[in-house]
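Chemist: My structure is below; once you've seen it, I'll send some questions.
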Amino acid sequence: MAKSKYEYVKKFERNDSLLPNTWLVIRVDGRGFHKFSDKHGFVKPNDQKALELMNKCAENVMNDFRDIVLAYGQSDEYSFVLKKECSLYDRRETKIVSTIVSLFTSNYVFNWNKYFPDKELLYPPSFDGRVVQYPDDNNLRDYLSWRQTDCHINNLYNTCFWALVHSGKTETEAENVLRGTVSSEKNELLYSQFNINYNKLPEMYRKGSVIIRQEVSNLKYHLYVISLGTLYTAHSRKD
Ligand code: DGT
Ligand code: MG
Ligand code: MG
C-alpha cells in the first residue's frame with residue numbers, strides 16, 4: 001500500500017531507548033502533595049491510610065508489570081526497579097515511564113474510597129515520573145539507601161515538628177527549636193519532652209515500605225512480601 005504523504009512526520013520522533021543491561025528505576029512522586037495532604041486532612045506527620053493507599057497502588061503496578069522486581073515507597077513517592085534484561089516496550093523511556101505513572105495514578109483514584117470511605121476526593125491528584133539507569137548493583141543499592149535516608153531525615157524532623165506544634169508551639173517557634181539540631185538531639189527532645197521513643201514508632205514511618213517479588217513453590221501464586229516490618233502480605237494469581 002502506498003504511504004501517505006503525511007508519513008514523514010514520524011521521522012521527527014526521537015529514539016528514546018534506554019541503555020541495555022542497566023537497572024531501570026522509575027520514581028513517581030505526587031505533584032503538589034503538600035497542598036493535597038492538607039486539603040484532604042491527612043494526619044501529620046504520617047497518615048497510615050494514605051501510606052497504605054500508596055502501597056496498594058505500587059502493589060497493583062507490580063502485579064501488572066512483571067519486570068518490576070522491587071519497589072520502595074515513602075511519603076508521596078514510589079520507586080520501581082525493573083530488572084536489567086527488561087525488554088518492556090523495547091526499553092523506550094517515554095512509554096515505560098508514562099504507563100507506570102498513569103497506572104499508579106489511576107489506582108490512586110480507583111482505590112481512594114477503600115482507604116478513605118468517609119472522605120471525598122476533592123480534585124484529581126497527579127504524579128510525575130522519571131527514570132534513572134544504574135549499570136552497577138552498588139549504584140542501585142546506594143540509590144535505595146538514598147531514598148531511605150531521605151525518609152528517615154524527613155520523618156525524624158517532622159515527628160519533632162508536629163509534636164512541638166501539637167503541644168502548643170507555633171510553626172515558626174517549632175522551626176526555631178529544631179534549627180541546627182542533629183539526630184541525637186531530636187531523639188532526645190522526643191523522649192524527654194514527649195515521652196516518645198523514636199525507635200519504637202512504626203517501621204513504615206521511619207524507613208518506608210518495600211515490596212519484593214518473591215517466587216514461591218506454590219504453582220498458583222506469586223507471593224509478594226512487604227518487608228521492613230510485617231506490614232502486610234499480598235497474593236496475586238500467576239498468569
Ligand atoms: P512536588 O513533588 O514538587 O510537586 O511538591 P510536593 O508538595 O508534593 O512536595 P514533596 O513531594 O517534596 O513532599 C511531599 C509532601 O507530601 C510533603 O509536604 C508532605 C506530604 N505528605 C506525604 N505523605 C504525607 C502523610 O502521610 N501525611 C501528611 N500530613 N502529609 C504527607
Ligand atoms: Mg511530591
Ligand atoms: Mg515527594
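Following the order of the C-alpha cells, chains are lettered A, B, ..., residues in each are numbered from 1, and ligands are numbered from 1.
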Kindly compile the residues surrounding ligand 2 within 9 Å, counting only C-alpha atoms and all ligand atoms, and format them as a list in words.
Modeler: Val28, Asp29, Gly30, Arg31, Gly32, Phe33, His34, Ser75, Asp76, Glu77, Phe127 and Asp128 of chain A
Chemist: Residues near Pro124 of chain A, anyone? I mean within 12 Å using only C-alpha atoms, not counting same-chain ones fewer than 4 positions away, as number ranges by chain.
Modeler: A: 30-33, 36, 40, 105-110, 112, 120
Chemist: Could you write out that same residue set with C-alpha atoms as a PDB file, in the first residue's frame?
Modeler:
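Okay, part-v8.pdb is ready:
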ATOM      1  CA  GLY A  30       2.851  13.169  43.987  1.00  0.00           C
ATOM      2  CA  ARG A  31       2.504  16.583  42.377  1.00  0.00           C
ATOM      3  CA  GLY A  32       1.825  19.281  44.953  1.00  0.00           C
ATOM      4  CA  PHE A  33       1.127  16.780  47.735  1.00  0.00           C
ATOM      5  CA  PHE A  36      -3.111  17.726  48.557  1.00  0.00           C
ATOM      6  CA  HIS A  40      -7.629  16.094  52.402  1.00  0.00           C
ATOM      7  CA  THR A 105      -2.328   7.479  39.367  1.00  0.00           C
ATOM      8  CA  SER A 106      -5.457   5.697  38.171  1.00  0.00           C
ATOM      9  CA  ASN A 107      -5.009   3.212  41.015  1.00  0.00           C
ATOM     10  CA  TYR A 108      -4.768   6.072  43.490  1.00  0.00           C
ATOM     11  CA  VAL A 109      -8.131   7.412  42.350  1.00  0.00           C
ATOM     12  CA  PHE A 110      -9.683   3.965  41.841  1.00  0.00           C
ATOM     13  CA  TRP A 112      -9.282   6.122  47.199  1.00  0.00           C
ATOM     14  CA  GLU A 120     -14.430  12.785  49.248  1.00  0.00           C
TER      15      GLU A 120
END
Chemist: Closest to ligand 3 among A:Glu188, A:Glu13, A:Asp150, A:Asp137, using only C-alpha atoms and all ligand atoms?
Modeler: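 Of all the options, A:Asp150 lies closest to ligand 3.
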Chemist: Step one, run DSSP on the backbone; step two, keep only residues of segment 24-234 of chain A assigned to helix (DSSP H, G or I); then write them as a ChimeraX atom specification.
Modeler: /A:33-39,48-64,88-91,93-115,137-166,171-178,183-194,198-200,203-207
Chemist: As a list in words, please: the residues near Glu85 of chain A (cut-off 9 Å, only C-alpha atoms, same-chain neighbours under 3 positions excluded).
Modeler: Pro20, Asn21, Thr22, Trp23, Asp67 and Leu82 of chain A
Chemist: Based on the selection just made, write C-alpha atoms of those residues as a PDB file, in the first residue's frame.
Modeler:
ATOM      1  CA  PRO A  20      20.743  -2.079  27.585  1.00  0.00           C
ATOM      2  CA  ASN A  21      21.743  -4.130  30.592  1.00  0.00           C
ATOM      3  CA  THR A  22      21.122  -1.445  33.223  1.00  0.00           C
ATOM      4  CA  TRP A  23      18.780  -1.425  36.189  1.00  0.00           C
ATOM      5  CA  ASP A  67       9.637  -6.866  35.083  1.00  0.00           C
ATOM      6  CA  LEU A  82      12.977  -3.057  36.625  1.00  0.00           C
TER       7      LEU A  82
END
Chemist: Rounded to one decimal in Å, what is the spacing between atom CA of Phe80 of chain A and atom CA of Ile68 of chain A?
Modeler: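 If I compute the distance from atom CA of Phe80 of chain A to atom CA of Ile68 of chain A, I get 6.3 Å.
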Chemist: Smallest atom-to-atom distance to ligand 3: which of A:Asn138, A:Asn176, A:Ser184, A:Asn154, using only C-alpha atoms and all ligand atoms?
Modeler: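 Selected residue with least distance to ligand 3: A:Asn154.
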Chemist: For Met62 of chain A, work out the shell of residues within 10 Å, counting only C-alpha atoms and skipping chain neighbours fewer than 3 positions away, then give it as a list in words.
Modeler: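 Once the adjacent positions are removed, what remains is Lys56, Cys57, Ala58, Glu59, Phe65, Arg66, Asp67, Ile68, Val69, Leu70, Ala71, Phe80, Val81, Leu82, Ile100, Phe104, Ile211, Ile212, Arg213 and Tyr224 of chain A.
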Chemist: Which residues come within 12 Å of Tyr191 of chain A, counting only C-alpha atoms, excluding same-chain residues fewer than 4 positions away, as a list in words?
Modeler: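 Counting only the stated atoms, we get Thr159, Cys160, Ala163, Ser184, Glu185, Lys186, Asn187, Asn195, Ile196, Asn197, Tyr198, Asn199, Lys200 and Leu201 of chain A.
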Chemist: Could you dump the residues just selected with all heavy atoms as a short mmCIF file (atom, residue, chain, number, x, y, z; two decimals), in the first residue's frame?
Modeler:
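Printed below is part-v8.cif as written:
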data_model
loop_
_atom_site.label_atom_id
_atom_site.label_comp_id
_atom_site.auth_asym_id
_atom_site.auth_seq_id
_atom_site.Cartn_x
_atom_site.Cartn_y
_atom_site.Cartn_z
N THR A 159 8.37 14.43 62.84
CA THR A 159 7.83 13.91 64.11
C THR A 159 8.06 14.94 65.22
O THR A 159 7.16 15.24 66.01
CB THR A 159 8.48 12.56 64.47
OG1 THR A 159 8.29 11.66 63.37
CG2 THR A 159 7.86 11.95 65.71
N CYS A 160 9.26 15.52 65.25
CA CYS A 160 9.57 16.56 66.24
C CYS A 160 8.71 17.80 66.00
O CYS A 160 8.10 18.35 66.93
CB CYS A 160 11.04 16.98 66.16
SG CYS A 160 12.18 15.70 66.62
N ALA A 163 5.08 17.26 66.94
CA ALA A 163 4.94 17.10 68.39
C ALA A 163 4.98 18.47 69.05
O ALA A 163 4.17 18.79 69.94
CB ALA A 163 6.04 16.20 68.93
N SER A 184 20.66 13.03 67.23
CA SER A 184 20.61 12.61 68.64
C SER A 184 19.82 13.62 69.47
O SER A 184 19.09 13.25 70.38
CB SER A 184 22.03 12.44 69.19
OG SER A 184 22.76 13.63 68.98
N GLU A 185 19.95 14.90 69.13
CA GLU A 185 19.21 15.93 69.89
C GLU A 185 17.71 15.83 69.62
O GLU A 185 16.90 16.04 70.51
CB GLU A 185 19.73 17.33 69.50
CG GLU A 185 21.13 17.59 70.05
CD GLU A 185 21.84 18.77 69.38
OE1 GLU A 185 21.53 19.08 68.20
OE2 GLU A 185 22.72 19.36 70.03
N LYS A 186 17.37 15.48 68.38
CA LYS A 186 15.94 15.33 68.07
C LYS A 186 15.37 14.12 68.81
O LYS A 186 14.27 14.18 69.35
CB LYS A 186 15.73 15.18 66.56
CG LYS A 186 16.06 16.44 65.77
CD LYS A 186 15.55 16.30 64.34
CE LYS A 186 15.99 17.47 63.47
NZ LYS A 186 17.42 17.41 63.10
N ASN A 187 16.13 13.02 68.82
CA ASN A 187 15.69 11.83 69.57
C ASN A 187 15.48 12.17 71.04
O ASN A 187 14.50 11.76 71.66
CB ASN A 187 16.74 10.72 69.46
CG ASN A 187 16.53 9.87 68.21
OD1 ASN A 187 15.55 9.16 68.09
ND2 ASN A 187 17.45 9.98 67.28
N ASN A 195 7.92 11.97 75.74
CA ASN A 195 7.92 10.55 76.10
C ASN A 195 7.75 9.64 74.88
O ASN A 195 7.10 8.60 74.96
CB ASN A 195 6.81 10.29 77.14
CG ASN A 195 7.12 9.06 77.96
OD1 ASN A 195 8.29 8.66 78.04
ND2 ASN A 195 6.10 8.44 78.52
N ILE A 196 8.33 10.09 73.75
CA ILE A 196 8.26 9.28 72.52
C ILE A 196 9.61 8.62 72.30
O ILE A 196 10.63 9.33 72.20
CB ILE A 196 7.90 10.15 71.29
CG1 ILE A 196 6.49 10.74 71.43
CG2 ILE A 196 8.02 9.34 69.99
CD1 ILE A 196 6.13 11.74 70.34
N ASN A 197 9.63 7.30 72.24
CA ASN A 197 10.86 6.60 71.86
C ASN A 197 10.81 6.44 70.34
O ASN A 197 10.07 5.62 69.81
CB ASN A 197 10.90 5.23 72.56
CG ASN A 197 12.19 4.48 72.26
OD1 ASN A 197 12.88 4.80 71.29
ND2 ASN A 197 12.49 3.49 73.07
N TYR A 198 11.64 7.26 69.66
CA TYR A 198 11.54 7.30 68.19
C TYR A 198 11.67 5.92 67.57
O TYR A 198 10.95 5.58 66.63
CB TYR A 198 12.61 8.25 67.62
CG TYR A 198 12.48 8.40 66.13
CD1 TYR A 198 11.45 9.17 65.58
CD2 TYR A 198 13.34 7.75 65.25
CE1 TYR A 198 11.29 9.29 64.21
CE2 TYR A 198 13.19 7.86 63.87
CZ TYR A 198 12.18 8.64 63.36
OH TYR A 198 12.01 8.75 62.00
N ASN A 199 12.58 5.11 68.12
CA ASN A 199 12.82 3.79 67.52
C ASN A 199 11.66 2.82 67.67
O ASN A 199 11.65 1.76 67.06
CB ASN A 199 14.10 3.17 68.10
CG ASN A 199 15.31 3.93 67.60
OD1 ASN A 199 15.33 4.39 66.46
ND2 ASN A 199 16.30 4.11 68.46
N LYS A 200 10.69 3.21 68.50
CA LYS A 200 9.51 2.33 68.67
C LYS A 200 8.37 2.73 67.73
O LYS A 200 7.33 2.07 67.68
CB LYS A 200 9.02 2.40 70.13
CG LYS A 200 10.00 1.81 71.14
CD LYS A 200 9.59 0.37 71.47
CE LYS A 200 10.68 -0.42 72.15
NZ LYS A 200 10.99 0.05 73.49
N LEU A 201 8.53 3.83 67.01
CA LEU A 201 7.47 4.24 66.06
C LEU A 201 7.42 3.22 64.92
O LEU A 201 8.41 2.54 64.64
CB LEU A 201 7.76 5.64 65.51
CG LEU A 201 7.69 6.78 66.54
CD1 LEU A 201 7.99 8.12 65.88
CD2 LEU A 201 6.33 6.83 67.23
#
Chemist: Closest to Val43 of chain A among A:His166, A:Ile153, A:Pro117, A:Tyr8, using only C-alpha atoms?
Modeler: A:His166
Chemist: Using only C-alpha atoms, find the one residue out of A:Asp38, A:Asp118, A:Asp90, A:Glu175 that sits nearest to Asn15 of chain A.
Modeler: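 Once distances to Asn15 of chain A are computed over only C-alpha atoms, the minimum belongs to A:Asp90.
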Chemist: Segment 68-237 of chain A: which residues are strand (DSSP E) by DSSP, as an NGL selection string?
Modeler: :A and (68-74 or 77-82 or 127-134 or 209-215 or 221-227 or 232-237)
Chemist: Write out the residues from the selection above, keeping N, CA and C atoms, as a compact mmCIF listing (two decimals), in the first residue's frame.
Modeler:
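As written to disk, result_30.txt reads:
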# COMPACT_ATOMS: atom_id res chain seq x y z
N ILE A 68 9.11 -5.62 37.11
CA ILE A 68 9.48 -4.91 38.34
C ILE A 68 9.82 -5.94 39.41
N VAL A 69 11.05 -5.85 39.92
CA VAL A 69 11.49 -6.84 40.90
C VAL A 69 11.38 -6.30 42.33
N LEU A 70 11.37 -4.99 42.45
CA LEU A 70 11.35 -4.40 43.79
C LEU A 70 10.77 -3.00 43.70
N ALA A 71 10.05 -2.60 44.74
CA ALA A 71 9.55 -1.22 44.79
C ALA A 71 9.80 -0.68 46.20
N TYR A 72 10.15 0.61 46.26
CA TYR A 72 10.37 1.25 47.56
C TYR A 72 9.56 2.53 47.62
N GLY A 73 8.81 2.69 48.71
CA GLY A 73 7.97 3.89 48.82
C GLY A 73 8.09 4.58 50.16
N GLN A 74 7.92 5.88 50.12
CA GLN A 74 7.86 6.70 51.33
C GLN A 74 7.18 8.00 50.95
N GLU A 77 6.02 9.29 47.34
CA GLU A 77 6.80 8.76 46.21
C GLU A 77 6.92 7.25 46.25
N TYR A 78 7.12 6.67 45.08
CA TYR A 78 7.42 5.24 44.97
C TYR A 78 8.46 5.04 43.88
N SER A 79 9.47 4.21 44.14
CA SER A 79 10.48 3.86 43.14
C SER A 79 10.28 2.41 42.72
N PHE A 80 10.28 2.19 41.42
CA PHE A 80 10.12 0.83 40.89
C PHE A 80 11.41 0.41 40.19
N VAL A 81 11.92 -0.75 40.56
CA VAL A 81 13.17 -1.24 39.97
C VAL A 81 12.83 -2.33 38.96
N LEU A 82 13.19 -2.06 37.68
CA LEU A 82 12.98 -3.06 36.63
C LEU A 82 14.27 -3.79 36.37
N PHE A 127 0.74 12.62 39.46
CA PHE A 127 2.09 12.21 39.86
C PHE A 127 3.05 12.49 38.71
N ASP A 128 4.28 12.87 39.05
CA ASP A 128 5.28 12.98 37.98
C ASP A 128 6.09 11.69 37.96
N GLY A 129 6.89 11.52 36.92
CA GLY A 129 7.69 10.31 36.83
C GLY A 129 9.00 10.57 36.12
N ARG A 130 10.02 9.82 36.51
CA ARG A 130 11.33 9.92 35.84
C ARG A 130 11.98 8.54 35.87
N VAL A 131 12.98 8.39 35.04
CA VAL A 131 13.70 7.11 35.07
C VAL A 131 15.19 7.39 35.24
N VAL A 132 15.85 6.56 36.02
CA VAL A 132 17.31 6.62 36.16
C VAL A 132 17.85 5.23 35.86
N GLN A 133 18.99 5.19 35.14
CA GLN A 133 19.58 3.90 34.76
C GLN A 133 20.84 3.65 35.57
N TYR A 134 20.93 2.49 36.21
CA TYR A 134 22.11 2.17 37.00
C TYR A 134 22.78 0.91 36.45
N SER A 209 8.43 1.66 52.87
CA SER A 209 7.89 0.32 52.57
C SER A 209 8.64 -0.29 51.39
N VAL A 210 8.86 -1.57 51.49
CA VAL A 210 9.50 -2.28 50.37
C VAL A 210 8.56 -3.38 49.90
N ILE A 211 8.43 -3.51 48.60
CA ILE A 211 7.68 -4.64 48.04
C ILE A 211 8.67 -5.42 47.18
N ILE A 212 8.81 -6.69 47.47
CA ILE A 212 9.70 -7.50 46.63
C ILE A 212 8.88 -8.59 45.95
N ARG A 213 9.31 -8.93 44.75
CA ARG A 213 8.66 -10.05 44.06
C ARG A 213 9.43 -11.32 44.43
N GLN A 214 8.70 -12.20 45.04
CA GLN A 214 9.35 -13.42 45.51
C GLN A 214 8.58 -14.61 44.98
N GLU A 215 9.25 -15.41 44.17
CA GLU A 215 8.60 -16.62 43.65
C GLU A 215 8.57 -17.67 44.76
N TYR A 221 0.44 -19.19 42.80
CA TYR A 221 0.62 -17.82 43.24
C TYR A 221 2.05 -17.32 43.19
N HIS A 222 2.17 -16.05 42.88
CA HIS A 222 3.39 -15.33 43.24
C HIS A 222 3.11 -14.81 44.63
N LEU A 223 4.11 -14.77 45.45
CA LEU A 223 3.91 -14.20 46.78
C LEU A 223 4.71 -12.92 46.85
N TYR A 224 4.04 -11.84 47.21
CA TYR A 224 4.77 -10.60 47.43
C TYR A 224 4.80 -10.35 48.92
N VAL A 225 5.97 -10.11 49.43
CA VAL A 225 6.07 -9.80 50.84
C VAL A 225 6.47 -8.35 50.97
N ILE A 226 5.71 -7.62 51.74
CA ILE A 226 6.11 -6.24 52.00
C ILE A 226 6.92 -6.28 53.28
N SER A 227 8.18 -6.03 53.14
CA SER A 227 9.06 -6.21 54.29
C SER A 227 9.32 -4.89 55.01
N TYR A 232 2.19 -6.02 55.47
CA TYR A 232 1.18 -6.95 55.03
C TYR A 232 1.73 -7.83 53.92
N THR A 233 1.03 -8.88 53.64
CA THR A 233 1.45 -9.83 52.61
C THR A 233 0.32 -9.93 51.60
N ALA A 234 0.67 -9.88 50.33
CA ALA A 234 -0.38 -9.92 49.31
C ALA A 234 -0.13 -11.07 48.35
N HIS A 235 -1.17 -11.72 47.94
CA HIS A 235 -1.06 -12.79 46.96
C HIS A 235 -1.58 -12.31 45.62
N SER A 236 -0.98 -12.77 44.56
CA SER A 236 -1.60 -12.49 43.28
C SER A 236 -1.45 -13.73 42.40
N ARG A 237 -2.49 -13.99 41.65
CA ARG A 237 -2.51 -15.20 40.83
C ARG A 237 -1.49 -15.09 39.70
Chemist: Could you state the separation of atom CA of Tyr143 of chain A and atom CA of Tyr157 of chain A in Å, given to one decimal place?
Modeler: 21.4 Å
